[in-house]
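Below is one structure; the comments refer to it alone.
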Amino acid sequence: MKTPPLILALISITPLLNAAESSDLPADQVAFFEKNIRPVLVQSCYKCHSEESQKIKGGLTLDTKAGLRLGGESGHAGVTPGDLAASYIYEAMTWRNEDMQMPPKQKLPDEVLANFKTWIEMGAPDPREIKAVASNTGGKRVIDIDAGRQHWAFQKPIDKPAPAVQNTAWPKGDIDRYLLASMEKAGLQPNPDTDRATLIRRIAFDLTGLPPTPDEVKTFIADQSPDALKRIIDQYLDSPRFGERWARHWLDVARYGESSGKEVNIPYPNAWRYRDYVIDAFNTDKPYDQFLREQIAGDLMTFDDKRDQAEKIVATGFLAIGAKGHNNRDRRQFTLDMVDEQIDAVSQSMLGLTLACARCHDHKFDPVTQRDYYALAGIFLSSETLFGTHQQLQNNNPSTLIELDREAGLPSALAKISPAEVAQLKQQLDTAQKTAEEIQREVFGQGRTNRTAAQGNVAAGLKVRAARDRMATVEADYELFYPDGTPRTLAMGVLDRNSPINSPILIRGDIKQPGEIVPRGLVEVLCAKGEPLNISQGSGRLDLAWFIASKENPLTARVMVNRIWLHLMGQGIVTTPDNFGVMGLKPTHPELLDHLAVSFMENGWSVKQLIREILMSRAYQMSSTYNAKNYAVDPDNKTHWRSDQRRLDAEAVRDSMLSVAGKLDFYPIDGSPVARVSEGRQGLFQLAREVAANPSVNRSIYLPIVRDQIPEFLSVFDYPDASLVNGQRETTNVPSQSLFLLNNPEAISIADAFAKRVAATEGSPMDKLAYAYSLAFSRAPTPDELTAIRTFWMRFPEQVTGGRTSKEARDQGQLAALSAFCQSLFASAEFRYLN
Amino acid sequence: MTIPNPSRRDFLKTTSSGFGYLAFAAMAQQQALKAAASSGSPLAPKNPHFAARAKHVIFLCMQGAPSHVDLFDYKPKLKADDGKSAPSNAGRNGQTKLMGSPWQFGQHGKSGLRISELLPGVASHADDLCIINSMATDIPAHPQAFSQLHTGTTQFVRPSLGAWVLYGLGTTNENLPGFVTINPPANATRTFGSAFLPAIYQGTKLGGSGLPGGGALARRFGMGNDNSTVANIKNGRYSTEAQRTQLDLVQALNQSRMKLDGGVSAEVEGVIESYELAFRMQAEVPKVLDLSKENAATKKMYGLEDDATATFGKQCLMARKLVEAGVRFIEITNGNWDQHFNLKTQLEANCGAIDTPIAGLLTDLKQRGLLKDTLVIWGGEFGRTPHSQGSDGRDHNNKGFSMWMAGGGVKGGMNYGATDDYGYEAVENKMHIHDWHATVMHLLGLNHEHLTYRYAGRDFRLTDVYGTVAKEIMA
């Protein structure tokens with residue numbers, strides 16, 4: 001494989017010219033300050049003399065123009081423009097005064113002192129004032145970690161006994177007692193139980209993302225045994241459809257995508273391995289703590305065999321799949337942005353905290369310091385994120401991938417090719433390499449005069465670049481296969497670097513303003529007082545993994561049980577599922593949340609067990625019917641007096657339509673269509689053409705998720721931005737959805753398939769109608785509906801045939817009516833809203 | 001399959017219920033409008049924070065960064081020092097040569113604004129233009145700056161200007177979307193996206209590169225085709241009459257569902273409303289976008305008869321029609337302004353393609369009395385360097401560039417702010433993109449500091465913690 005990218009030495013940071021801020025100073029003076037003065041202040045003075053210092057020494061701050069001029073507690077002016085003698089800082093720097101020598105450990109080099117002299121004499125031009133105003137960081141806020149720990153979410157959950165209720169007959173378990181207590185407090189009555197057809201439909205959608213089959217409905221309604229409910233729940237939990245449904249919820253918070261997104265959208269052909277890992281994890285009910293640990297540090301964990309090892313490496317794809325700006329010309333900036341994205345994804349998805357807010361300053365609201373941020377950043381900077389892609393125009397930041405052991409036996413998205421084809425690729429590579437070398441020689445061989453002729457220079461540069469890019473493209477293709485033509489198993493993921501690095505605090509998040517270096521470590525407020533924060537070995541990812549996936553962590557279990565609750569009950573107990581910080585909303589039922597969190601952990605972090613517990617509650621099984629009295633008191637259903645009416649998410653809408661039409665192909669596809677298009681940007685064109693030509697009939701989770709190019713079927717029903725952590729989808733109700741269901745050719749063709757299925761069933765027209773209803777709605781039509789359908793059938797065929805009465809025309813009219821009828825079922829509110 | 005013939009009694013009953021629904025729908029619609037005006041629909045018109053100068057925006061977005069020193073920023077000293085080494089603050093100490101604009105800057109209108117000879121049509125409206133010469137943005141790279149131009153940030157996914165405006169003001173024509181973006185570049189959903197704002201505030205695409213079918217260059221520079229329409233606006237199978245029959249069935253099923261739900265369901269009601277709007281849009285959108293009924297003089301005015309100007313002309317004409325129909329925010333993207341080389345021919349060609357259409361748009365808006373309520377904005381993501389790149393090109397320059405506004409309550413015939421003698425850097429009344437956003441919102445009656453949306457636990461706004469309104473340009 002390609003050579004790994006250079007490890008970036010963050011510490012050697014070259015200050016760049018930054019003359020933009022000053023509008024009134026001569027540019028050359030600003031440049032002088034930026035080049036010769038600011039870097040020295042930053043590197044040698046800010047640690048003790050800036051607003052960002054842990055403790056400001058001598059009352060002197062040098063990070064603003066005002067502070068620099070004013071001086072410190074001594075009362076002497078720091079710098080007086082044009083007057084060296086009245087510039088006390090300069091005197092301290094020269095070490096002439098034995099009582100005041102700065103910086104204290106080592107005198108600055110003579111040329112630096114000469115620069116300060118020149119600068120003060122030219123009037124000490126200092127452009128920083130404007131910048132300080134612009135950054136608007138406000139007054140310095142000192143974070144009190146002990147006080148911060150008092151926030152409810154930073155205290156460990158405690159499972160208290162469930163409250164007593166008046167109506168003791170209603171609750172089936174503790175969940176019901178917590179909810180009923182709050183209803184009784186508000187003077188509300190719980191809604192009655194829902195009917196069994198609605199209940200099985202609710203369960204089927206919640207667990208599999210699909211409607212129940214008519215047979216399942218019939219069996220469930222007929223089965224009056226006390227175990228019937230548990231049986232149907234277990235049946236769905238054991239179905240492979242469960243993982244396909246619940247993995248999608250996690251992929252939302254994992255901001256899963258198969259391309260880089262952002263400025264230059266480059267495909268990530270190997271992202272699907274992570275997707276399949278998540279599906280398997282939910283299907284096998286992998287303990288949630290283990291699941292998290294593997295995503296952060298699977299590569300560092302012990303393993304049973306090669307397959308286990310490979311799967312754990314694939315899990316770290318979580319850290320590699322984020323959106324990235326590949327065209328960034330500054331590799332260090334690219335890396336820092338990527339680390340920021342990783343911190344954001346880990347903290348929001350797993351902890352419900354917005355730690356990335358502390359990149360430029362201490363967190364504005366939560367007790368999280370910039371120091372916490374850079375302690376975490378050090379962990380990720382000490383890891384190498386391998387996301388693939390190759391050098392090409394607009395991609396200045398490619399990386400290698402992780403090659404998994406051939407014997408691990410993981411599937412491949414690519415078919416085997418013949419050794420001859422591999423040889424052919426090799427030959428193409430050699431040719432491309434030779435061409436690139438020749439062009440380079442040709443261009444660099446030209447005389448300097450020739451080359452600097454401006455246009456020639458640009459054109460020649462582009463020519464060299466194009467040849468190299470071509471070579472990189474062919475090389476990427478070649479490296480997909482072993483010499484015998486078997487595709488290599490490549491994965492996105494993370495590995496530790498050989499030598500870990502600690503990050504400096506970057507003042508205002510600016511790479512050009514490094515401050516104090518902080519040791520790699522954990523988030524202080526989440527650790528018990530006095531507990532060591534620093535990591536024990538390597539990058540520290542393993543420590544981080546155990547720190548997050550721990551019973552001691554007050555957030556992890558709470559955040560996940562809230563996510564699960566949200567998907568089953570319609571709204572979270574904490575309604576800001578990705579923010580449990582001070583600015584997040586408080587739980588509506590804090591004790592219930594804690595009860596669920598504790599029992600989740602006690603049950604071995606089993607997601608399926610928690611789902612079972614919630615589904616078996618009476619609260620889950622209530623009807624969603626309107627009740628004027630309750631509604632008047634609690635319109636938002638905060639007390640959960642009824643089941644929420646919930647809109648199906650995009651995948652469930654599409655999968656249900658295909659399923660009802662009998663078209664859904666459950667056979668999981670190998671990899672992803674993204675894996676089979678060429679790696680460069682042209683791959684996206686190719687993909688769009690392929691997808692348009694052959695609409696997929698696989699479950700939606702297997703559709704290609706190219707950022708900013710989400711399939712229309714999904715985007716129209718509020719598929720989230722695939723670049724952001726998203727614990728709760730929008731559920732809009734907009735005309736573009738109506739237009740889609742009425743007019744989109746794919747939607748119409750699925751309706752046609754549904755009509756065909758209905759037409760082929762045995763029986764009378766009424767039987768057919770009932771069959772269509774049972775497939776689409778899991779119930780029989782009401783008399784009102786039958787009337788409306790008859791009205792439709794009287795008018796519609798004629799409107800289609802335009803009065804033609806031949807048998808052919810009449811058949812055509814009936815066929816059209818059946819299709820339009822089936823489409824109407826898809827289009828109706830009932831199909832999209834779960835009761 | 002056939003359904004048994006209904007009895008006569010059934011027929012009467014069903015017929016009445018069918019027509020009954022239509023009557024219900026009409027009634028419901030009026031009620032909905034009334035309800036919307038008070039609080040209901042997220043798109044309902046909302047009162048601005050203070051009296052608005054402009055009610056609509058047409059943003060003519062020139063992707064690729066047009067050269068301000070060749071179009072709107074007159075620099076005699078640059079001309080005088082043509083060929084001299086560029087000063088050190090140009091970043092490439094002495095290695096580049098200043099290049100005076102090869103074009104003349106005549107004075108135009110009563111105000112005598114200096115505008116390049118490349119844009120005679122625009123120049124004829126000089127007295128309506130407020131040329132801002134002191135624009136600045138953070139990063140001299142196209143994607144980041146393009147993102148900042150639209151969302152205020154170079155890095156994050158945030159709502160676009162149009163989405164914020166729609167969120168703040170709603171819209172007045174319930175038959176049309178409130179934010180329309182014509183010919184947006186692909187891979188730039190961020191420029192019309194709603195990010196964390198509800199999806200209903202995002203821009204509706206007309207034409208452009210929804211699918212990357214226009215070739216890599218077209219994609220990069222936003223030169224899409226011009227078959228502009230709303231996705232799925234047309235049913236390819238059924239007549240309108242037949243579709244209405246189908247829709248009556250859908251609505252009857254929805255009514256039935258509502259009844260089963262206990263008679264009240266905001267969700268089902270929302271579905272019912274959304275179908276009616278969609279159905280109305282099917283009729284309205286093609287009508288608004290049908291340019292064939294425009295008279296010959298109008299077509300000529302927008303340059304529809306000339307191949308060079310027809311594409312942008314059509315888009316400008318559509319923009320006028322959308323404004324007329326009540327759409328709040330319209331953006332048109334015009335690409336390929338990135339003249340690193342071939343400045344002389346390419347800039348001339350670009351200007352040739354937009355000059356007549358823009359002049360036509362301004363004239364047309366004015367004669368229809370729409371200009372006073374419509375803020376027309378022209379500009380790109382940054383400007384270009386006063387020194388040359390090669391012998392016939394200019395490099396990126398984010399420190400100083402020009403945009404202009406017209407109508408919508410801005411002062412005409414004025415220059416606002418200035419760059420240095422060569423046009424490198426804004427030195428007077430610098431207007432950063434954040435300030436520009438604040439100013440545009442102010443013209444629409446919105447206080448950029450008060451228009452916030454709570455997301456992930458904090459209040460976000462378009463201008464983050466920045467933004468100063470340039471009150472001097474208000475008429």
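In the structure tokens, chains take the letters A, B, ... in the order shown, each chain's residues start at 1, and ligands count up from 1 in the order shown.
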
Legend entry - Test item: residues at most 9 Å from Ser824 of chain A, only C-alpha atoms, excluding those fewer than 6 positions along its chain, as number ranges by chain: A: 741-742, 751; B: 246-247, 249-250, 253

Can those selected residues be exported to a file as a compact mmCIF listing (two decimals), in the first residue's frame so that it contains C-alpha atoms?
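Generated file (selection_28.txt):
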```
# COMPACT_ATOMS: atom_id res chain seq x y z
CA LEU A 741 -46.15 10.39 -3.73
CA LEU A 742 -48.52 11.62 -6.42
CA ALA A 751 -48.01 1.43 -6.84
CA GLN B 246 -57.67 10.40 -6.99
CA LEU B 247 -56.84 13.19 -4.58
CA LEU B 249 -60.04 9.61 -2.51
CA VAL B 250 -56.80 10.32 -0.66
CA LEU B 253 -59.15 8.37 3.48
```

Would you list the contacts of Phe777 of chain A as a short mmCIF file (atom, residue, chain, number, x, y, z; two decimals) with C-alpha atoms, in the first residue's frame, taking every protein, DNA or RNA residue within 12 Å and counting only C-alpha atoms, but skipping same-chain residues closer than 6 positions in sequence?
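The file below, result.cif, is the result:
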```cif
data_model
loop_
_atom_site.label_atom_id
_atom_site.label_comp_id
_atom_site.auth_asym_id
_atom_site.auth_seq_id
_atom_site.Cartn_x
_atom_site.Cartn_y
_atom_site.Cartn_z
CA ALA A 197 -54.21 -4.82 15.17
CA THR A 198 -52.85 -1.37 15.93
CA ILE A 200 -48.90 -5.37 16.34
CA ARG A 201 -48.52 -2.76 13.64
CA ARG A 202 -46.83 -0.46 16.12
CA PHE A 205 -42.73 -0.89 12.66
CA LEU A 210 -41.95 -2.78 8.18
CA PRO A 211 -45.67 -3.43 8.49
CA PRO A 212 -46.76 -6.80 9.87
CA THR A 213 -47.89 -9.30 7.26
CA PRO A 214 -51.64 -10.02 7.14
CA VAL A 217 -51.83 -9.80 12.26
CA SER A 656 -43.09 -0.41 3.53
CA MET A 657 -44.15 0.64 0.07
CA VAL A 660 -46.58 -4.00 0.56
CA LEU A 769 -59.97 -4.65 -1.70
CA ALA A 770 -59.75 -6.19 1.75
CA TYR A 771 -56.43 -7.78 0.85
CA CYS A 822 -53.16 1.45 -4.51
CA LEU A 825 -53.31 4.02 0.02
CA PHE A 826 -49.56 4.84 -0.06
CA ALA A 827 -50.35 8.53 -0.27
CA SER A 828 -52.78 8.58 2.63
CA ALA A 829 -51.86 9.90 6.06
CA GLU A 830 -52.51 6.50 7.60
CA PHE A 831 -49.68 4.92 5.64
CA ARG A 832 -47.17 7.49 6.86
CA TYR A 833 -48.38 7.90 10.44
CA LEU A 834 -48.14 5.23 13.05
CA ASN A 835 -50.87 5.14 15.65
CA LEU B 253 -59.15 8.37 3.48
CA ARG B 257 -58.34 8.45 9.57
#
```

Inset, instruction - Please provide as a PyMOL selection string all residues within 10 Å of segment 369-376 of chain B, with the sequence filter that same-chain residues fewer than 5 positions apart are discarded (counting only C-alpha atoms). - result: chain B and resi 52-60+128-129+320+323-324+328-331+358+361-364+404-410+440+443-444

Inset, instruction - Select from segment 293-470 of chain B everything DSSP, run on the backbone, classes as strand (DSSP E), then give the selection as JSON, numbers by chain. - result: {"B": [329, 330, 331, 332, 333, 334, 374, 375, 376, 377, 378, 379, 383, 384, 396, 397, 401, 402, 403, 404, 405, 406, 414, 415, 416, 418, 419, 426, 427, 428, 431, 432, 453, 454, 455, 458, 459, 460]}

Legend entry - Residues flagged alpha helix (DSSP H) by DSSP in segment 110-302 of chain B, as a PyMOL selection string: chain B and resi 120-123+142-151+161-169+215-221+240-260+266-289+296-301

Spatial neighbours of Asp649 of chain A, 12 Å, only C-alpha atoms, chain gap at least 5 places, as a PDB file with N, CA and C atoms, in the first residue's frame:
```pdb
ATOM      1  N   PHE A 205     -43.472  -2.050  13.182  1.00  0.00           N
ATOM      2  CA  PHE A 205     -42.733  -0.889  12.660  1.00  0.00           C
ATOM      3  C   PHE A 205     -41.590  -0.501  13.578  1.00  0.00           C
ATOM      4  N   ASP A 206     -41.853  -0.488  14.871  1.00  0.00           N
ATOM      5  CA  ASP A 206     -40.816  -0.071  15.804  1.00  0.00           C
ATOM      6  C   ASP A 206     -39.616  -1.010  15.783  1.00  0.00           C
ATOM      7  N   GLY A 209     -39.213  -1.815  11.170  1.00  0.00           N
ATOM      8  CA  GLY A 209     -39.358  -0.782  10.147  1.00  0.00           C
ATOM      9  C   GLY A 209     -40.269  -1.205   9.007  1.00  0.00           C
ATOM     10  N   LEU A 210     -41.065  -2.251   9.225  1.00  0.00           N
ATOM     11  CA  LEU A 210     -41.947  -2.778   8.180  1.00  0.00           C
ATOM     12  C   LEU A 210     -43.312  -3.071   8.787  1.00  0.00           C
ATOM     13  N   ARG A 245     -33.202  -2.179  11.023  1.00  0.00           N
ATOM     14  CA  ARG A 245     -33.972  -1.028  11.492  1.00  0.00           C
ATOM     15  C   ARG A 245     -33.192  -0.217  12.531  1.00  0.00           C
ATOM     16  N   ARG A 248     -29.940   1.701  11.720  1.00  0.00           N
ATOM     17  CA  ARG A 248     -30.161   2.992  11.049  1.00  0.00           C
ATOM     18  C   ARG A 248     -30.265   4.107  12.096  1.00  0.00           C
ATOM     19  N   HIS A 249     -30.900   3.830  13.224  1.00  0.00           N
ATOM     20  CA  HIS A 249     -30.967   4.851  14.275  1.00  0.00           C
ATOM     21  C   HIS A 249     -29.559   5.234  14.721  1.00  0.00           C
ATOM     22  N   ASP A 252     -27.604   7.361  12.234  1.00  0.00           N
ATOM     23  CA  ASP A 252     -27.939   8.783  12.297  1.00  0.00           C
ATOM     24  C   ASP A 252     -27.034   9.524  13.282  1.00  0.00           C
ATOM     25  N   HIS A 567     -37.172   6.522  20.258  1.00  0.00           N
ATOM     26  CA  HIS A 567     -37.602   5.809  19.054  1.00  0.00           C
ATOM     27  C   HIS A 567     -38.880   5.011  19.282  1.00  0.00           C
ATOM     28  N   GLY A 570     -41.755   8.150  20.848  1.00  0.00           N
ATOM     29  CA  GLY A 570     -42.040   9.356  20.071  1.00  0.00           C
ATOM     30  C   GLY A 570     -41.327  10.596  20.548  1.00  0.00           C
ATOM     31  N   ARG A 654     -40.338   4.076   2.577  1.00  0.00           N
ATOM     32  CA  ARG A 654     -39.917   3.421   1.332  1.00  0.00           C
ATOM     33  C   ARG A 654     -39.969   1.898   1.457  1.00  0.00           C
ATOM     34  N   ASP A 655     -39.424   1.374   2.547  1.00  0.00           N
ATOM     35  CA  ASP A 655     -39.395  -0.074   2.714  1.00  0.00           C
ATOM     36  C   ASP A 655     -40.817  -0.650   2.777  1.00  0.00           C
ATOM     37  N   SER A 656     -41.721   0.081   3.427  1.00  0.00           N
ATOM     38  CA  SER A 656     -43.090  -0.407   3.525  1.00  0.00           C
ATOM     39  C   SER A 656     -43.760  -0.421   2.164  1.00  0.00           C
ATOM     40  N   SER A 700     -33.748   0.247   2.576  1.00  0.00           N
ATOM     41  CA  SER A 700     -33.181   1.584   2.418  1.00  0.00           C
ATOM     42  C   SER A 700     -31.831   1.741   3.092  1.00  0.00           C
ATOM     43  N   ILE A 701     -31.584   0.970   4.119  1.00  0.00           N
ATOM     44  CA  ILE A 701     -30.306   1.109   4.816  1.00  0.00           C
ATOM     45  C   ILE A 701     -29.153   0.766   3.873  1.00  0.00           C
ATOM     46  N   PHE A 713     -35.942   9.654  -2.621  1.00  0.00           N
ATOM     47  CA  PHE A 713     -36.966   8.971  -1.821  1.00  0.00           C
ATOM     48  C   PHE A 713     -36.725   9.218  -0.333  1.00  0.00           C
ATOM     49  N   LEU A 714     -35.453   9.258   0.060  1.00  0.00           N
ATOM     50  CA  LEU A 714     -35.133   9.466   1.472  1.00  0.00           C
ATOM     51  C   LEU A 714     -35.132  10.949   1.831  1.00  0.00           C
ATOM     52  N   SER A 715     -34.524  11.766   0.967  1.00  0.00           N
ATOM     53  CA  SER A 715     -34.382  13.181   1.340  1.00  0.00           C
ATOM     54  C   SER A 715     -35.747  13.859   1.441  1.00  0.00           C
ATOM     55  N   VAL A 716     -36.683  13.416   0.621  1.00  0.00           N
ATOM     56  CA  VAL A 716     -37.986  14.090   0.625  1.00  0.00           C
ATOM     57  C   VAL A 716     -38.726  13.833   1.945  1.00  0.00           C
ATOM     58  N   PHE A 717     -38.379  12.722   2.618  1.00  0.00           N
ATOM     59  CA  PHE A 717     -39.004  12.448   3.922  1.00  0.00           C
ATOM     60  C   PHE A 717     -38.021  12.715   5.073  1.00  0.00           C
ATOM     61  N   ASP A 718     -37.296  13.800   4.954  1.00  0.00           N
ATOM     62  CA  ASP A 718     -36.496  14.323   6.068  1.00  0.00           C
ATOM     63  C   ASP A 718     -35.307  13.462   6.469  1.00  0.00           C
ATOM     64  N   TYR A 719     -34.700  12.824   5.520  1.00  0.00           N
ATOM     65  CA  TYR A 719     -33.431  12.182   5.840  1.00  0.00           C
ATOM     66  C   TYR A 719     -32.511  13.268   6.381  1.00  0.00           C
ATOM     67  N   PRO A 720     -31.788  13.002   7.472  1.00  0.00           N
ATOM     68  CA  PRO A 720     -31.017  14.093   8.088  1.00  0.00           C
ATOM     69  C   PRO A 720     -29.746  14.417   7.300  1.00  0.00           C
ATOM     70  N   GLN A 728     -32.462  12.873  16.552  1.00  0.00           N
ATOM     71  CA  GLN A 728     -33.906  12.958  16.337  1.00  0.00           C
ATOM     72  C   GLN A 728     -34.183  13.605  14.998  1.00  0.00           C
ATOM     73  N   ARG A 729     -34.864  12.890  14.152  1.00  0.00           N
ATOM     74  CA  ARG A 729     -35.125  13.414  12.819  1.00  0.00           C
ATOM     75  C   ARG A 729     -36.240  14.433  12.822  1.00  0.00           C
ATOM     76  N   GLU A 730     -36.174  15.316  11.851  1.00  0.00           N
ATOM     77  CA  GLU A 730     -37.312  16.186  11.580  1.00  0.00           C
ATOM     78  C   GLU A 730     -38.450  15.318  11.066  1.00  0.00           C
ATOM     79  N   THR A 731     -39.677  15.722  11.323  1.00  0.00           N
ATOM     80  CA  THR A 731     -40.780  15.036  10.649  1.00  0.00           C
ATOM     81  C   THR A 731     -41.650  16.116  10.029  1.00  0.00           C
ATOM     82  N   THR A 732     -41.245  16.591   8.884  1.00  0.00           N
ATOM     83  CA  THR A 732     -42.012  17.654   8.238  1.00  0.00           C
ATOM     84  C   THR A 732     -43.162  17.054   7.453  1.00  0.00           C
ATOM     85  N   ASN A 733     -43.995  17.956   7.044  1.00  0.00           N
ATOM     86  CA  ASN A 733     -45.201  17.603   6.341  1.00  0.00           C
ATOM     87  C   ASN A 733     -45.310  18.624   5.231  1.00  0.00           C
ATOM     88  N   PHE A 831     -50.854   5.704   6.011  1.00  0.00           N
ATOM     89  CA  PHE A 831     -49.682   4.918   5.636  1.00  0.00           C
ATOM     90  C   PHE A 831     -48.414   5.504   6.252  1.00  0.00           C
ATOM     91  N   ARG A 832     -48.370   6.800   6.394  1.00  0.00           N
ATOM     92  CA  ARG A 832     -47.166   7.494   6.862  1.00  0.00           C
ATOM     93  C   ARG A 832     -47.135   7.693   8.373  1.00  0.00           C
ATOM     94  N   TYR A 833     -48.324   7.637   8.994  1.00  0.00           N
ATOM     95  CA  TYR A 833     -48.382   7.904  10.435  1.00  0.00           C
ATOM     96  C   TYR A 833     -48.745   6.649  11.206  1.00  0.00           C
ATOM     97  N   LEU A 834     -47.954   6.407  12.220  1.00  0.00           N
ATOM     98  CA  LEU A 834     -48.142   5.233  13.048  1.00  0.00           C
ATOM     99  C   LEU A 834     -48.982   5.623  14.256  1.00  0.00           C
TER     100      LEU A 834
END
```

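Using only C-alpha atoms, the shortest contact distance between chain A and any of B:Gly413, B:Gly121, B:Pro143, B:Gly109 is found at B:Pro143.
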
Legend entry - All residues 6 Å or closer to Lys312 of chain A, only C-alpha atoms, same chain fewer than 5 positions away omitted, as a list of chain:residue names: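 Within the cut-off, the hits are A:Glu294, A:Gly298, A:Asp299.
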
Write a file of the just-selected residues containing C-alpha atoms, as an mmCIF file, in the first residue's frame.
```
data_model
loop_
_atom_site.group_PDB
_atom_site.id
_atom_site.type_symbol
_atom_site.label_atom_id
_atom_site.label_comp_id
_atom_site.auth_asym_id
_atom_site.auth_seq_id
_atom_site.Cartn_x
_atom_site.Cartn_y
_atom_site.Cartn_z
ATOM 1 C CA GLU A 294 -15.005 -1.142 19.790
ATOM 2 C CA GLY A 298 -11.440 -1.749 18.553
ATOM 3 C CA ASP A 299 -7.972 -1.918 17.026
#
```

Inset, instruction - Write out as a PyMOL selection string the residues lying within 12 Å of Gly325 of chain A, counting only C-alpha atoms and excluding same-chain residues fewer than 4 positions away. - result: (chain A and resi 259-266+329-331+333-338+341+394-398+723) or (chain B and resi 141+143-144+154-156)

Those same residues - C-alpha atoms - I'd like them written as an mmCIF file, in the first residue's frame.
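Final output, selection.cif:
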```cif
data_model
loop_
_atom_site.group_PDB
_atom_site.id
_atom_site.type_symbol
_atom_site.label_atom_id
_atom_site.label_comp_id
_atom_site.auth_asym_id
_atom_site.auth_seq_id
_atom_site.Cartn_x
_atom_site.Cartn_y
_atom_site.Cartn_z
ATOM 1 C CA SER A 259 -18.427 10.271 0.836
ATOM 2 C CA SER A 260 -16.443 13.164 2.217
ATOM 3 C CA GLY A 261 -19.212 15.745 1.810
ATOM 4 C CA LYS A 262 -18.131 19.335 2.333
ATOM 5 C CA GLU A 263 -16.343 21.249 -0.386
ATOM 6 C CA VAL A 264 -15.201 18.428 -2.640
ATOM 7 C CA ASN A 265 -17.433 15.420 -2.321
ATOM 8 C CA ILE A 266 -15.174 12.386 -2.668
ATOM 9 C CA ARG A 329 -4.181 22.959 1.399
ATOM 10 C CA ASP A 330 -2.953 23.049 4.953
ATOM 11 C CA ARG A 331 -2.551 19.481 6.096
ATOM 12 C CA GLN A 333 -5.465 22.448 9.567
ATOM 13 C CA PHE A 334 -7.114 19.484 7.866
ATOM 14 C CA THR A 335 -5.975 17.207 10.674
ATOM 15 C CA LEU A 336 -7.152 19.567 13.388
ATOM 16 C CA ASP A 337 -10.543 19.919 11.724
ATOM 17 C CA MET A 338 -10.820 16.143 11.483
ATOM 18 C CA GLU A 341 -15.114 16.424 14.005
ATOM 19 C CA GLN A 394 -8.989 19.171 -5.136
ATOM 20 C CA ASN A 395 -7.895 16.317 -2.882
ATOM 21 C CA ASN A 396 -4.816 17.388 -1.029
ATOM 22 C CA ASN A 397 -5.480 15.073 1.873
ATOM 23 C CA PRO A 398 -5.670 11.419 0.889
ATOM 24 C CA SER A 723 -22.595 15.187 8.120
ATOM 25 C CA ALA B 141 -10.757 29.602 -1.475
ATOM 26 C CA PRO B 143 -15.824 26.454 -1.541
ATOM 27 C CA GLN B 144 -15.200 27.967 1.882
ATOM 28 C CA THR B 154 -16.649 28.615 6.130
ATOM 29 C CA GLN B 155 -16.774 25.322 7.907
ATOM 30 C CA PHE B 156 -20.008 24.224 9.492
#
```

Inset, instruction - Find the distance between atom CA of Lys608 of chain A and atom CA of Ala776 of chain A and write it in Å to one decimal. - result: 27.1 Å

Legend entry - Between atom CA of Arg618 of chain A and atom CA of Thr194 of chain A, distance in Å (one decimal):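 Going from atom CA of Arg618 of chain A over to atom CA of Thr194 of chain A, I get 9.9 Å.
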
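The closest residue to Glu516 of chain A, picked from A:Gly187, A:Pro668, A:Pro504, A:Pro125 and counting only C-alpha atoms, is A:Pro504.
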
Inset, instruction - May I ask which of the residues B:Lys293, B:His450, B:Arg190, B:His125 is the closest one to chain A, counting only C-alpha atoms? - result: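 Ranked by minimum distance to chain A, first place goes to B:Arg190.
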
Inset, instruction - Have a look at A:Ile439, A:Leu393, A:Leu207, A:Ala77 and name the one nearest to chain B; count only C-alpha atoms. - result: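 So, comparing all the options, the nearest one is A:Leu393.
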
Inset, instruction - Compare B:Met441, B:Ile377, B:Leu118, B:Met258 by their minimum atom-to-atom distance to Leu169 of chain B, counting only C-alpha atoms, and give me the closest one. - result: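 Ranking B:Met441, B:Ile377, B:Leu118, B:Met258 by distance to Leu169 of chain B, first place goes to B:Met441.
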
Inset, instruction - Find the residue from B:Thr189, B:Thr172, B:Thr181, B:Asn133 that sits nearest to chain A; use only C-alpha atoms when measuring. - result: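 Counting only C-alpha atoms, the residue closest to chain A is B:Thr189.
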